[in-house]
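**Student:** Here's a structure for you.
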Amino acid sequence: MHVVFLPKYYPGRGDVQLGEFIRRHAQAVAAVAQVSVVAVLKDTATATGYYEEVSEENGVWTLRAYYRPLERGWALWRTPLNFLRYRKAADRAWQRFLRERGLPLVCHVQVLTRPSLLAYKAKKELGIPYAITEHSSEFLDGRWLGRPWLNRWFTRRAFAKAGAVSVVSERLGRAIRDLGLVELYEVIPNVLPLERTSVAQRGPAHHAIMVADLVDRVKNVSGVLECMALLRNELPDLKLTIVGGGEDEQRLRQRCKGFNLDDRVTFLGQLSSEEAMQQMAKAGFLIVNSRHETFSVVTGEALMLGKPVIATRCGGPESFIDGHNGELVPVDNVPALADAVRRMVAGHHRYDPDRIRATVDERYSSAWIGQRFLTLYQRMLSDQA
């Protein structure tokens with residue numbers, strides 16, 4: 001069994017965190033099959049316009065093909081030109097993959113739509129079936145319906161031609177089905193590194209942490225800063241560490257300064273997955289204040305470390321959080337978030353790290369998820385035969 005992953009996102013030069021959840025899927029499958037990754041990624045810093053990197057990462061042959069997108073100019077012509085640059089880079093990377101690795105039995109698209117171009121080509125020209133795993137919250141928050149007509153048409157076609165579809169949460173699956181994109185899907189969650197992560201010490205009750213891409217319309221970091229300002233006098237020892245980078249980082253730093261929270265809030269910037277886990281291990285609890293999450297890997301990681309979590313009812317954390325490991329609060333509700341923080345600080349001693357860890361079971365382990373994907377591929381190949 002040789003499977004090639006075709007991801008929309010993957011950790012690389014531009015962002016060491018983005019797509020880590022896809023890399024974990026690839027490494028899970030690598031325990032039961034031969035796995036290659038062909039990741040076509042943007043890199044605005046490259047002077048050559050295109051270059052490739054090949055590496056072996058935990059048993060996964062990985063080709064990163066970088067292309068330089070146009071960043072300025074009228075979107076009406078910039079968008080199609082960038083698509084052509086992507087397509088050219090993808091074709092070059094695919095040819096190198098075939099030369100060095102040979103024909104795969106299965107293509108596995110992770111997040112639509114651009115990676116499905118290669119998968120569709122392989123199906124049409126070589127008869128290689130493809131599976132889709134979808135993670136995107138755009139099917140939950142209405143953004144997909146706002147996509148251009150051609151994009152939505154191609155998405156429908158990609159789903160229709162897929163041999164199998166999996167999603168990382170039941171809510172995401174229902175949303176995609178309700179949009180008329182699929183009839184059948186399988187829920188295969190993201191991987192939590194249970195096998196190599198131990199329970200951390202309890203941590204200070206007054207030390208909260210956020211780990212997120214700093215895209216405020218999704219993660220609502222502003223709401224957490226408002227909460228910190230609201231509790232400033234009431235909980236003078238309360239501290240917040242923010243791990244992550246993104247398009248709104250500078251604006252959020254300025255907002256923090258405007259709230260006079262520089263002595264309470266620390267921005268650490270973008271860290272690797274391992275470094276982010278180290279920071280979570282030092283904290284007392286995690287805050288997830290997102291408006292939409294299809295899974296929320298960071299919630300699972302915190303629970304895996306034995307850390308309680310305050311999270312919004314945004315789609316992903318509900319599958320993890322119960323009365324033993326944290327609290328759920330409404331989306332976009334700063335007073336409710338502040339009340340939850342008050343209760344967390346006052347009752348932090350009642351959260352037992354080992355009991356919290358026990359709420360994250362083997363369904364999220366690399367071994368279990370690798371076997372689930374292998375079964376999905378085998379069924380898909382059997383159906384094709």
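Chain lettering (A, B, ...) mirrors the order of the structure tokens, residue numbering begins at 1 for each chain separately, and ligand numbering begins at 1 in order of display.
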Within 12 Å of region 14-19 of chain A, which residues of region 227-266 of chain A show up? Give each one with its shortest atom-to-atom distance in Å (one decimal) and the two atoms involved, counting only C-alpha atoms, rows by chain then rising residue number, as CSV.
**Tutor:**
residue,atom,partner,partner_atom,distance
A:Val243,CA,A:Gln17,CA,11.0
A:Gly244,CA,A:Gln17,CA,8.7
A:Gly245,CA,A:Asp15,CA,9.0
A:Gly246,CA,A:Asp15,CA,9.4
**Student:** Include N, CA, C and O atoms and write out the residues we just selected as a PDB file, in the first residue's frame.
**Tutor:**
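Dumped everything to out-v3.pdb:
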ATOM      1  N   VAL A 243       0.323  32.000  22.563  1.00  0.00           N
ATOM      2  CA  VAL A 243       1.252  31.357  21.644  1.00  0.00           C
ATOM      3  C   VAL A 243       0.624  31.345  20.262  1.00  0.00           C
ATOM      4  O   VAL A 243      -0.504  30.873  20.090  1.00  0.00           O
ATOM      5  N   GLY A 244       1.347  31.866  19.281  1.00  0.00           N
ATOM      6  CA  GLY A 244       0.846  31.837  17.909  1.00  0.00           C
ATOM      7  C   GLY A 244       1.150  33.131  17.181  1.00  0.00           C
ATOM      8  O   GLY A 244       1.423  34.171  17.798  1.00  0.00           O
ATOM      9  N   GLY A 245       1.118  33.055  15.873  1.00  0.00           N
ATOM     10  CA  GLY A 245       1.284  34.227  15.026  1.00  0.00           C
ATOM     11  C   GLY A 245       0.170  34.249  14.005  1.00  0.00           C
ATOM     12  O   GLY A 245      -0.630  33.326  13.912  1.00  0.00           O
ATOM     13  N   GLY A 246       0.115  35.317  13.235  1.00  0.00           N
ATOM     14  CA  GLY A 246      -0.921  35.402  12.224  1.00  0.00           C
ATOM     15  C   GLY A 246      -1.181  36.827  11.796  1.00  0.00           C
ATOM     16  O   GLY A 246      -0.521  37.773  12.258  1.00  0.00           O
TER      17      GLY A 246
END
**Student:** Need to verify the contact set: Ala276 (chain A), 12 Å, only C-alpha atoms, exclusion of same-chain residues closer than 3 positions in sequence. Can you return it as a VMD selection string?
**Tutor:** chain A and resid 16 to 17 209 to 213 241 to 245 268 to 273 279 to 283 286 298 301 to 302 305
**Student:** Could you build a table of the residues in region 291-370 of chain A lying no more than 10 Å from region 217-238 of chain A, giving for each the nearest pair of atoms and their separation in Å rounded to one decimal place, using only C-alpha atoms, ordered by chain and ascending residue number, as JSON lines?
**Tutor:**
{"residue": "A:Arg291", "atom": "CA", "partner": "A:Val218", "partner_atom": "CA", "distance": 5.4}
{"residue": "A:His292", "atom": "CA", "partner": "A:Val218", "partner_atom": "CA", "distance": 6.2}
{"residue": "A:Glu293", "atom": "CA", "partner": "A:Val218", "partner_atom": "CA", "distance": 8.3}
{"residue": "A:Cys314", "atom": "CA", "partner": "A:Val218", "partner_atom": "CA", "distance": 10.0}
{"residue": "A:Val331", "atom": "CA", "partner": "A:Asn220", "partner_atom": "CA", "distance": 9.2}
{"residue": "A:Asp332", "atom": "CA", "partner": "A:Gly223", "partner_atom": "CA", "distance": 7.1}
{"residue": "A:Asn333", "atom": "CA", "partner": "A:Gly223", "partner_atom": "CA", "distance": 7.9}
{"residue": "A:Val334", "atom": "CA", "partner": "A:Cys227", "partner_atom": "CA", "distance": 5.8}
{"residue": "A:Pro335", "atom": "CA", "partner": "A:Cys227", "partner_atom": "CA", "distance": 7.3}
{"residue": "A:Ala336", "atom": "CA", "partner": "A:Cys227", "partner_atom": "CA", "distance": 9.3}
{"residue": "A:Leu337", "atom": "CA", "partner": "A:Cys227", "partner_atom": "CA", "distance": 6.9}
{"residue": "A:Ala338", "atom": "CA", "partner": "A:Cys227", "partner_atom": "CA", "distance": 5.5}
{"residue": "A:Asp339", "atom": "CA", "partner": "A:Cys227", "partner_atom": "CA", "distance": 9.3}
{"residue": "A:Val341", "atom": "CA", "partner": "A:Cys227", "partner_atom": "CA", "distance": 8.7}
{"residue": "A:Arg342", "atom": "CA", "partner": "A:Leu235", "partner_atom": "CA", "distance": 8.2}
{"residue": "A:Val345", "atom": "CA", "partner": "A:Leu238", "partner_atom": "CA", "distance": 8.6}
**Student:** Using C-alpha atoms, can you export the residues from the last selection as a tab-separated table (two decimals), in the first residue's frame?
**Tutor:**
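Output saved as again09.tsv:
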chain	number	residue	atom	x	y	z
A	291	ARG	CA	-16.14	31.18	16.95
A	292	HIS	CA	-15.77	27.99	14.88
A	293	GLU	CA	-13.65	24.86	15.34
A	314	CYS	CA	-17.85	26.32	18.70
A	331	VAL	CA	-19.51	31.99	21.68
A	332	ASP	CA	-18.87	35.76	21.76
A	333	ASN	CA	-19.85	36.17	25.40
A	334	VAL	CA	-17.18	37.99	27.43
A	335	PRO	CA	-19.17	38.05	30.73
A	336	ALA	CA	-19.73	34.27	30.53
A	337	LEU	CA	-16.03	33.75	29.77
A	338	ALA	CA	-15.09	35.93	32.76
A	339	ASP	CA	-17.42	33.93	35.03
A	341	VAL	CA	-12.31	32.10	34.54
A	342	ARG	CA	-13.42	33.11	38.05
A	345	VAL	CA	-9.21	30.04	39.41
**Student:** Tell me, as a PyMOL selection string, which residues lie within 12 Å of Trp368 (chain A), counting only C-alpha atoms; anything in the same chain fewer than 5 positions away does not count.
**Tutor:** chain A and resi 25+28-29+31-32+188-195+361-363+373-375
**Student:** I need the chosen residues saved as an mmCIF file, in the first residue's frame, with N, CA and C atoms.
**Tutor:**
data_model
loop_
_atom_site.group_PDB
_atom_site.id
_atom_site.type_symbol
_atom_site.label_atom_id
_atom_site.label_comp_id
_atom_site.auth_asym_id
_atom_site.auth_seq_id
_atom_site.Cartn_x
_atom_site.Cartn_y
_atom_site.Cartn_z
ATOM 1 N N HIS A 25 -1.581 13.003 10.677
ATOM 2 C CA HIS A 25 -2.328 11.982 9.938
ATOM 3 C C HIS A 25 -1.379 11.177 9.054
ATOM 4 N N ALA A 28 0.679 8.849 11.089
ATOM 5 C CA ALA A 28 -0.130 7.736 11.606
ATOM 6 C C ALA A 28 -0.281 6.660 10.539
ATOM 7 N N VAL A 29 -0.544 7.067 9.306
ATOM 8 C CA VAL A 29 -0.699 6.101 8.222
ATOM 9 C C VAL A 29 0.627 5.425 7.908
ATOM 10 N N ALA A 31 2.696 4.175 9.745
ATOM 11 C CA ALA A 31 2.933 2.991 10.578
ATOM 12 C C ALA A 31 2.340 1.736 9.957
ATOM 13 N N VAL A 32 1.405 1.909 9.002
ATOM 14 C CA VAL A 32 0.723 0.745 8.415
ATOM 15 C C VAL A 32 0.822 0.707 6.894
ATOM 16 N N ILE A 188 -13.111 10.471 11.264
ATOM 17 C CA ILE A 188 -11.788 10.036 11.745
ATOM 18 C C ILE A 188 -11.106 11.274 12.313
ATOM 19 N N PRO A 189 -10.943 11.350 13.610
ATOM 20 C CA PRO A 189 -10.466 12.590 14.226
ATOM 21 C C PRO A 189 -8.990 12.852 13.970
ATOM 22 N N ASN A 190 -8.555 13.997 14.438
ATOM 23 C CA ASN A 190 -7.136 14.317 14.384
ATOM 24 C C ASN A 190 -6.372 13.498 15.425
ATOM 25 N N VAL A 191 -5.074 13.399 15.206
ATOM 26 C CA VAL A 191 -4.199 12.613 16.086
ATOM 27 C C VAL A 191 -3.738 13.464 17.257
ATOM 28 N N LEU A 192 -3.806 12.893 18.438
ATOM 29 C CA LEU A 192 -3.156 13.476 19.610
ATOM 30 C C LEU A 192 -1.959 12.593 19.951
ATOM 31 N N PRO A 193 -0.786 13.180 20.198
ATOM 32 C CA PRO A 193 0.423 12.371 20.439
ATOM 33 C C PRO A 193 0.432 11.742 21.820
ATOM 34 N N LEU A 194 -0.559 10.887 22.082
ATOM 35 C CA LEU A 194 -0.719 10.275 23.399
ATOM 36 C C LEU A 194 0.483 9.436 23.786
ATOM 37 N N GLU A 195 1.043 8.736 22.784
ATOM 38 C CA GLU A 195 2.107 7.778 23.080
ATOM 39 C C GLU A 195 3.380 8.448 23.594
ATOM 40 N N ASP A 361 -9.102 9.346 25.182
ATOM 41 C CA ASP A 361 -8.829 7.923 25.074
ATOM 42 C C ASP A 361 -8.155 7.550 23.769
ATOM 43 N N GLU A 362 -8.066 6.242 23.519
ATOM 44 C CA GLU A 362 -7.290 5.726 22.392
ATOM 45 C C GLU A 362 -7.877 6.090 21.035
ATOM 46 N N ARG A 363 -9.112 6.601 20.979
ATOM 47 C CA ARG A 363 -9.683 7.003 19.699
ATOM 48 C C ARG A 363 -8.873 8.106 19.019
ATOM 49 N N PHE A 373 -7.659 4.732 8.788
ATOM 50 C CA PHE A 373 -7.400 5.165 7.411
ATOM 51 C C PHE A 373 -7.065 3.976 6.513
ATOM 52 N N LEU A 374 -6.292 3.018 7.031
ATOM 53 C CA LEU A 374 -5.966 1.842 6.231
ATOM 54 C C LEU A 374 -7.239 1.098 5.827
ATOM 55 N N THR A 375 -8.165 0.936 6.756
ATOM 56 C CA THR A 375 -9.436 0.285 6.447
ATOM 57 C C THR A 375 -10.210 1.073 5.389
#
**Student:** Among region 176-264 of chain A, which ones does DSSP place in strand (DSSP E or B), written as a list in words?
**Tutor:**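 Answer for region 176-264 of chain A restricted to strand (DSSP E or B) is Glu186, Val187, His207, Ala208, Ile209, Met210, Val211, Lys239, Leu240, Thr241, Ile242 and Val243 of chain A.
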**Student:** Residues of region 127-315 of chain A classed as alpha helix (DSSP H) by DSSP on the backbone are to be reported as a VMD selection string.
**Tutor:** chain A and resid 149 to 161 170 to 178 216 to 219 221 to 230 249 to 258 273 to 282 297 to 304
**Student:** Create the file for the chosen residues now, containing C-alpha atoms and written as a compact mmCIF listing (two decimals), in the first residue's frame.
**Tutor:**
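result.txt was written with the following content:
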# COMPACT_ATOMS: atom_id res chain seq x y z
CA TRP A 149 -19.34 29.99 -8.32
CA LEU A 150 -16.46 28.20 -10.07
CA ASN A 151 -14.82 27.31 -6.76
CA ARG A 152 -18.07 25.88 -5.39
CA TRP A 153 -18.66 23.93 -8.61
CA PHE A 154 -15.21 22.38 -8.44
CA THR A 155 -15.66 21.51 -4.76
CA ARG A 156 -18.88 19.66 -5.58
CA ARG A 157 -17.15 17.83 -8.40
CA ALA A 158 -14.17 16.89 -6.20
CA PHE A 159 -16.46 15.38 -3.56
CA ALA A 160 -18.52 13.58 -6.21
CA LYS A 161 -15.46 11.90 -7.75
CA GLU A 170 -19.50 14.76 13.34
CA ARG A 171 -20.61 18.38 13.25
CA LEU A 172 -18.42 19.08 10.23
CA GLY A 173 -19.75 15.98 8.49
CA ARG A 174 -23.35 17.04 9.04
CA ALA A 175 -22.59 20.52 7.73
CA ILE A 176 -21.03 19.18 4.52
CA ARG A 177 -23.94 16.78 4.05
CA ASP A 178 -26.48 19.57 4.63
CA ASP A 216 -9.22 37.18 15.25
CA ARG A 217 -12.41 36.61 13.24
CA VAL A 218 -12.00 32.87 13.96
CA LYS A 219 -10.11 32.62 17.26
CA VAL A 221 -8.45 36.58 20.89
CA SER A 222 -9.89 40.09 21.35
CA GLY A 223 -12.62 38.60 23.52
CA VAL A 224 -10.04 37.05 25.84
CA LEU A 225 -8.20 40.36 26.12
CA GLU A 226 -11.52 42.03 27.03
CA CYS A 227 -12.02 39.33 29.66
CA MET A 228 -8.55 39.99 31.09
CA ALA A 229 -9.32 43.71 31.28
CA LEU A 230 -12.65 42.99 32.98
CA GLU A 249 -0.83 39.71 15.70
CA GLN A 250 0.24 43.34 15.61
CA ARG A 251 -3.32 44.61 15.99
CA LEU A 252 -3.85 42.33 18.99
CA ARG A 253 -0.62 43.50 20.57
CA GLN A 254 -1.81 47.08 20.20
CA ARG A 255 -5.18 46.20 21.67
CA CYS A 256 -3.44 44.59 24.63
CA LYS A 257 -1.49 47.80 25.15
CA GLY A 258 -4.72 49.80 24.90
CA SER A 273 4.17 22.17 18.07
CA GLU A 274 6.64 20.76 20.60
CA GLU A 275 7.48 24.22 21.98
CA ALA A 276 3.78 25.09 22.25
CA MET A 277 3.19 21.89 24.22
CA GLN A 278 6.02 22.84 26.58
CA GLN A 279 4.37 26.19 27.23
CA MET A 280 1.00 24.52 27.88
CA ALA A 281 2.66 22.18 30.36
CA LYS A 282 3.72 25.21 32.44
CA VAL A 297 -6.44 19.89 18.43
CA VAL A 298 -5.18 22.28 21.09
CA THR A 299 -8.09 21.32 23.38
CA GLY A 300 -7.14 17.66 23.09
CA GLU A 301 -3.46 18.46 23.66
CA ALA A 302 -4.21 20.37 26.85
CA LEU A 303 -6.36 17.54 28.20
CA MET A 304 -3.64 15.09 27.26
**Student:** Identify, on the basis of only C-alpha atoms, every residue whose closest approach to Leu117 (chain A) does not exceed 10 Å; exclude the query and any residue fewer than 5 positions from it along the same chain; express the result as a PyMOL selection string.
**Tutor:** chain A and resi 6+87+90-91+109+112+122-123+154+158
**Student:** In Å to one decimal, how far is CA of Pro80 (chain A) from CA of Thr46 (chain A)?
**Tutor:** 20.1 Å
**Student:** Between A:Val187, A:Asp248, A:Val182, A:Gly12, which residue has the minimum interatomic distance to Leu214 (chain A), considering only C-alpha atoms?
**Tutor:**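 Looking at the shortest contact to Leu214 (chain A), the residue is A:Asp248.
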**Student:** I need the residue nearest Gly127 (chain A) from this list: A:Ser365, A:Gly163, A:Thr44, A:Asn260. Use only C-alpha atoms for the distance.
**Tutor:**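 Result for the nearest residue to Gly127 (chain A): A:Gly163.
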**Student:** Do you know which residues are at most 7 Å from region 64-66 of chain A counting only C-alpha atoms, after dropping those on the same chain fewer than 5 positions away, and could you put them as a ChimeraX atom specification?
**Tutor:** /A:38-43,50-54,89,93
**Student:** Distance CA of Asp354 (chain A)-CA of Gly306 (chain A), one decimal place?
**Tutor:** 6.0 Å
**Student:** From the set A:Asp383, A:Phe21, A:Ala340, A:Gly284, which residue has the shortest atom-to-atom contact distance to Ala311 (chain A), counting only C-alpha atoms?
**Tutor:** A:Ala340
